[in-house]
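Here is the structure we will look at, set down as structure tokens.
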Amino acid sequence: MLILILYFFIFIVVIQISYYLGVFGKFAFAKAQKITPKRIPITVIVCAKNEEENVTNFIPLLAEQNYPDFEIVLIDDASSDSTLDIFEGFEKQYPNVRLVKVENNEAFWGNKKYALTLGIKAARKEYLLFTDADCYPTSKEWITAMSSQFTMQKTIVLGYGKYEKIPNSFLNKIIRFETLLTAIQYFSWAKIGHPYMGVGRNLAYKKEEFFNVNGFIEHMQIRSGDDDLFVNQAAKAKNTTIAYTLESFTLSKPKTTYKDWLTQKRRHIATANYYKAFDKLQLGAFYCSQLLFILLPIILLAFQFQWILVLSLTALRYLVAWIVVGFSAGKLKENDIKFWFPLVEIVLIFAQINIFITNIFSKPVHWK
């Protein structure tokens, strides 16, 4: 029995190394990206619901972007706080800011996709750049950096949405590592030619891509997924690229309690159930191989069965993974995270098990 477990463990190590070198290495070892400024007309779209504090602080950072031709469409999704009033103030203050007011609709109540659809239809520019109300760009060159990746063929640009660093917070390390690993995955698959998701914190596409797939209509009943489900449907090898220069990043405020973070991750994982079959398969295979890589050597080492081989294989996988994560973290300016990699990875794996089980028995809450 132990020999079969050993063979299976070897197989799992091969799968893990194949993922890290064969897939994730495509991004980790990619050349540094250059910014070639373009003068493409851009509409920046922000959808907000009860975000009065965040929009007060962050919308001015968008309005002050150093870009020759852009507008900002602010969507108030039936907020019950002062968000709408603040947006109306920005519309008067900045000549390139326009406001879309969304009233509660019985058929689409609380559906962010409905609100975004109205904003997209209101956009006067052909190229759209999205971020969330609790996000802000890391530089005044954000629009320049993201739009520079558009070409005649590449009409969807996947960006990176970082989370702010909170000193002495282990939860913050988990959140930032999970965000880093997710970005490594969707950037790498996009470079391979099989894009499968993006994040609404930092995503750009040409308006025609939205209408080519009839917008969100195929998954309108799913409250989440205005970003990843849309990309999963619309993105192809020929029309999708990535942006990973420092100037292209956005920053978001991370959750500060485990409960809030788990609630957020429950939504994300539940949405992934609606991905295309291949994407669910490759994500599931990676996660299962991660879990088995942790569990199988424990069994083998408990019986001291071929312990030198087991430890050698474990060390090899960690070395390969650490190198790939390290190079990727360098590109995405998350260097401190790589030093916590082994510990944070284990915690994240078992947190995901908890989320999977919880989602089976109760549905996560979406939007606000």
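Chain labels follow the order of the structure tokens: the first chain is A, the next B, and so on; residue numbering restarts at 1 in every chain, and ligands are counted from 1 in their shown order.
Residues within 12 Å of A:Thr36, counting only C-alpha atoms and excluding same-chain residues fewer than 4 positions away, are Ile40, Glu141, Ile143, Thr144, Ala145, Met146, Ser147, Ser148, Gln149, Phe150, Thr151, Ala243 and Thr245 of chain A.
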Residues from last step as file, N, CA, C and O atoms, as a tab-separated table (two decimals), in the first residue's frame:
```tsv
chain	number	residue	atom	x	y	z
A	40	ILE	N	-5.27	56.44	-27.54
A	40	ILE	CA	-6.59	55.83	-27.69
A	40	ILE	C	-7.58	56.51	-26.75
A	40	ILE	O	-7.32	56.64	-25.55
A	141	GLU	N	0.06	57.43	-14.39
A	141	GLU	CA	0.23	56.85	-15.72
A	141	GLU	C	-0.55	55.55	-15.89
A	141	GLU	O	-0.30	54.79	-16.82
A	143	ILE	N	-3.71	54.90	-16.80
A	143	ILE	CA	-4.44	54.79	-18.08
A	143	ILE	C	-3.45	54.59	-19.22
A	143	ILE	O	-3.68	53.76	-20.12
A	144	THR	N	-2.36	55.32	-19.20
A	144	THR	CA	-1.34	55.18	-20.25
A	144	THR	C	-0.79	53.76	-20.29
A	144	THR	O	-0.65	53.16	-21.36
A	145	ALA	N	-0.49	53.20	-19.12
A	145	ALA	CA	0.11	51.86	-19.05
A	145	ALA	C	-0.87	50.79	-19.51
A	145	ALA	O	-0.48	49.87	-20.24
A	146	MET	N	-2.10	50.87	-19.08
A	146	MET	CA	-3.09	49.86	-19.48
A	146	MET	C	-3.44	49.99	-20.96
A	146	MET	O	-3.48	48.99	-21.69
A	147	SER	N	-3.67	51.20	-21.43
A	147	SER	CA	-4.07	51.39	-22.83
A	147	SER	C	-2.93	51.10	-23.79
A	147	SER	O	-3.18	50.78	-24.97
A	148	SER	N	-1.69	51.17	-23.32
A	148	SER	CA	-0.54	50.92	-24.21
A	148	SER	C	-0.49	49.48	-24.69
A	148	SER	O	0.19	49.19	-25.68
A	149	GLN	N	-1.20	48.59	-24.02
A	149	GLN	CA	-1.17	47.17	-24.41
A	149	GLN	C	-2.22	46.84	-25.47
A	149	GLN	O	-2.23	45.74	-26.01
A	150	PHE	N	-3.11	47.78	-25.76
A	150	PHE	CA	-4.08	47.57	-26.83
A	150	PHE	C	-3.37	47.58	-28.19
A	150	PHE	O	-2.45	48.37	-28.42
A	151	THR	N	-3.80	46.71	-29.07
A	151	THR	CA	-3.37	46.74	-30.47
A	151	THR	C	-4.62	46.54	-31.33
A	151	THR	O	-5.73	46.41	-30.79
A	243	ALA	N	-1.16	43.23	-18.85
A	243	ALA	CA	-0.37	44.42	-18.49
A	243	ALA	C	0.21	44.20	-17.11
A	243	ALA	O	-0.53	43.92	-16.16
A	245	THR	N	3.32	46.19	-16.00
A	245	THR	CA	4.27	47.21	-15.59
A	245	THR	C	3.82	47.81	-14.27
A	245	THR	O	2.63	47.78	-13.94
```
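All residues of protein, DNA or RNA that reach within 9 Å of A:Val97, judged by only C-alpha atoms and not counting those fewer than 6 positions away in the chain, are Ala63, Glu71, Ile72, Val73, Leu74, Phe87, Phe90 and Glu91 of chain A.
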query = Which polymer residues have any atom within 12 Å of an atom of A:Ile294, counting only C-alpha atoms, with same-chain residues fewer than 4 positions away left out, as JSON, numbers by chain?
reply = {"A": [9, 12, 13, 16, 287, 288, 289, 290, 298, 299, 300, 301, 310, 311, 313, 314, 317, 318, 342, 343, 345, 346, 347, 348, 349, 350]}
Near A:Arg98, counting only C-alpha atoms, which residues have an atom at most 12 Å away, once you skip same-chain residues fewer than 3 positions from it, shown as a list in words? Thr43, Val44, Ile45, Val46, Ala63, Phe70, Glu71, Ile72, Val73, Leu74, Ile75, Asp76, Phe87, Glu88, Gly89, Phe90, Glu91, Lys92, Gln93, Tyr94, Pro95, Lys101, Gly119, Ile120, Ala122, Ala123 and Arg124 of chain A
In Å and to one decimal, atom CA of A:Lys140 is distant from atom CA of A:Gln65 by 4.6 Å
Practice task
Determine which residues of stretch 96-292 of chain A DSSP labels as helix (DSSP H, G or I) from the backbone of this structure, then write them out as a PyMOL selection string.
Solution key: chain A and resi 112-122+142-147+170-192+207-212+217-219+228-234+246-248+258-272+277-292
Taken to one decimal, the atom CA of A:Lys331-atom CA of A:Ser224 distance is 28.7 Å
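Within stretch 95-227 of chain A, DSSP run on the backbone puts these residues in strand (DSSP E): Val97, Arg98, Leu99, Val100, Lys101, Val102, Tyr127, Leu128, Leu129, Phe130, Thr131, Asp132, Cys135, Tyr136, Pro137, Ile156, Val157, Leu158, Gly161, Lys162, Tyr163, Leu203, Ala204, Tyr205 and Lys206 of chain A.
Restricting the calculation to only C-alpha atoms, the smallest distance between A:Ala30 and any of A:Asn111, A:Asn168, A:Asn335, A:Ser188 is found for A:Ser188.
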Using only C-alpha atoms, the shortest atom-to-atom distance to A:Gly200 among A:Lys276, A:Lys26, A:Lys112, A:Lys333 belongs to A:Lys112
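Each of A:Tyr19, A:Tyr127, A:Phe286, A:Phe11 was checked against A:Arg39 using only C-alpha atoms; the smallest atom-to-atom distance is that of A:Tyr127.
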Could you build a table of the residues in stretch 63-173 of chain A lying no more than 12 Å from stretch 249-266 of chain A, giving for each the nearest pair of atoms and their separation in Å rounded to one decimal place, using only C-alpha atoms, ordered by chain and ascending residue number, as CSV?
```
residue,atom,partner,partner_atom,distance
A:Leu129,CA,A:Thr250,CA,11.8
A:Phe130,CA,A:Thr250,CA,10.6
A:Thr131,CA,A:Thr250,CA,8.0
A:Asp132,CA,A:Ser252,CA,8.5
A:Ala133,CA,A:Ser252,CA,9.1
A:Asp134,CA,A:Ser252,CA,5.9
A:Cys135,CA,A:Ser252,CA,4.4
A:Tyr136,CA,A:Leu251,CA,5.4
A:Pro137,CA,A:Thr250,CA,4.3
A:Thr138,CA,A:Thr250,CA,5.5
A:Ser139,CA,A:Phe249,CA,8.1
A:Lys140,CA,A:Phe249,CA,10.8
A:Glu141,CA,A:Phe249,CA,9.8
A:Trp142,CA,A:Phe249,CA,7.0
A:Ile143,CA,A:Phe249,CA,10.0
A:Thr144,CA,A:Phe249,CA,11.4
A:Ala145,CA,A:Phe249,CA,8.8
A:Met146,CA,A:Phe249,CA,8.7
A:Leu158,CA,A:Phe249,CA,10.6
A:Gly159,CA,A:Phe249,CA,6.8
A:Tyr160,CA,A:Phe249,CA,5.4
A:Gly161,CA,A:Thr250,CA,4.9
A:Lys162,CA,A:Leu251,CA,4.8
A:Tyr163,CA,A:Ser252,CA,4.7
A:Glu164,CA,A:Lys253,CA,5.7
A:Lys165,CA,A:Pro254,CA,8.3
A:Ile166,CA,A:Pro254,CA,8.6
A:Pro167,CA,A:Thr256,CA,11.7
A:Asn168,CA,A:Thr256,CA,11.9
A:Ser169,CA,A:Thr256,CA,8.7
A:Phe170,CA,A:Thr256,CA,10.1
A:Leu171,CA,A:Tyr258,CA,6.9
A:Asn172,CA,A:Pro254,CA,7.2
A:Lys173,CA,A:Pro254,CA,10.3
```
Excluding A:Trp189 and its own-chain neighbours fewer than 2 positions away, which residues fall within 12 Å of it when counting only C-alpha atoms? Please give them as a ChimeraX atom specification. /A:19-20,22-28,158,182-187,191-198,232,235-237,240-242,278-279,282-283
Determine, using only C-alpha atoms, which residues of stretch 140-257 of chain A have any atom at most 9 Å from an atom of stretch 336-340 of chain A, and tabulate each with its shortest atom pair and distance in Å to one decimal place, rows ordered by chain and then rising number, as CSV.
```
residue,atom,partner,partner_atom,distance
A:Lys173,CA,A:Ile337,CA,6.6
A:Ile174,CA,A:Ile337,CA,8.8
A:Arg176,CA,A:Ile337,CA,7.4
A:Phe177,CA,A:Ile337,CA,6.2
A:Leu180,CA,A:Ile337,CA,8.7
```
I need the chosen residues saved as a compact mmCIF listing (two decimals), in the first residue's frame, with N, CA and C atoms.
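Just written: result28.txt:
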```txt
# COMPACT_ATOMS: atom_id res chain seq x y z
N LYS A 173 -1.03 38.89 4.70
CA LYS A 173 -0.09 38.08 3.91
C LYS A 173 -0.84 36.99 3.13
N ILE A 174 -1.85 36.40 3.76
CA ILE A 174 -2.66 35.39 3.07
C ILE A 174 -3.39 36.02 1.88
N ARG A 176 -2.71 38.77 0.20
CA ARG A 176 -1.81 39.22 -0.86
C ARG A 176 -1.17 38.03 -1.59
N PHE A 177 -0.88 36.94 -0.87
CA PHE A 177 -0.34 35.76 -1.54
C PHE A 177 -1.40 35.15 -2.46
N LEU A 180 -1.64 37.24 -5.48
CA LEU A 180 -0.46 37.01 -6.32
C LEU A 180 -0.57 35.70 -7.08
```
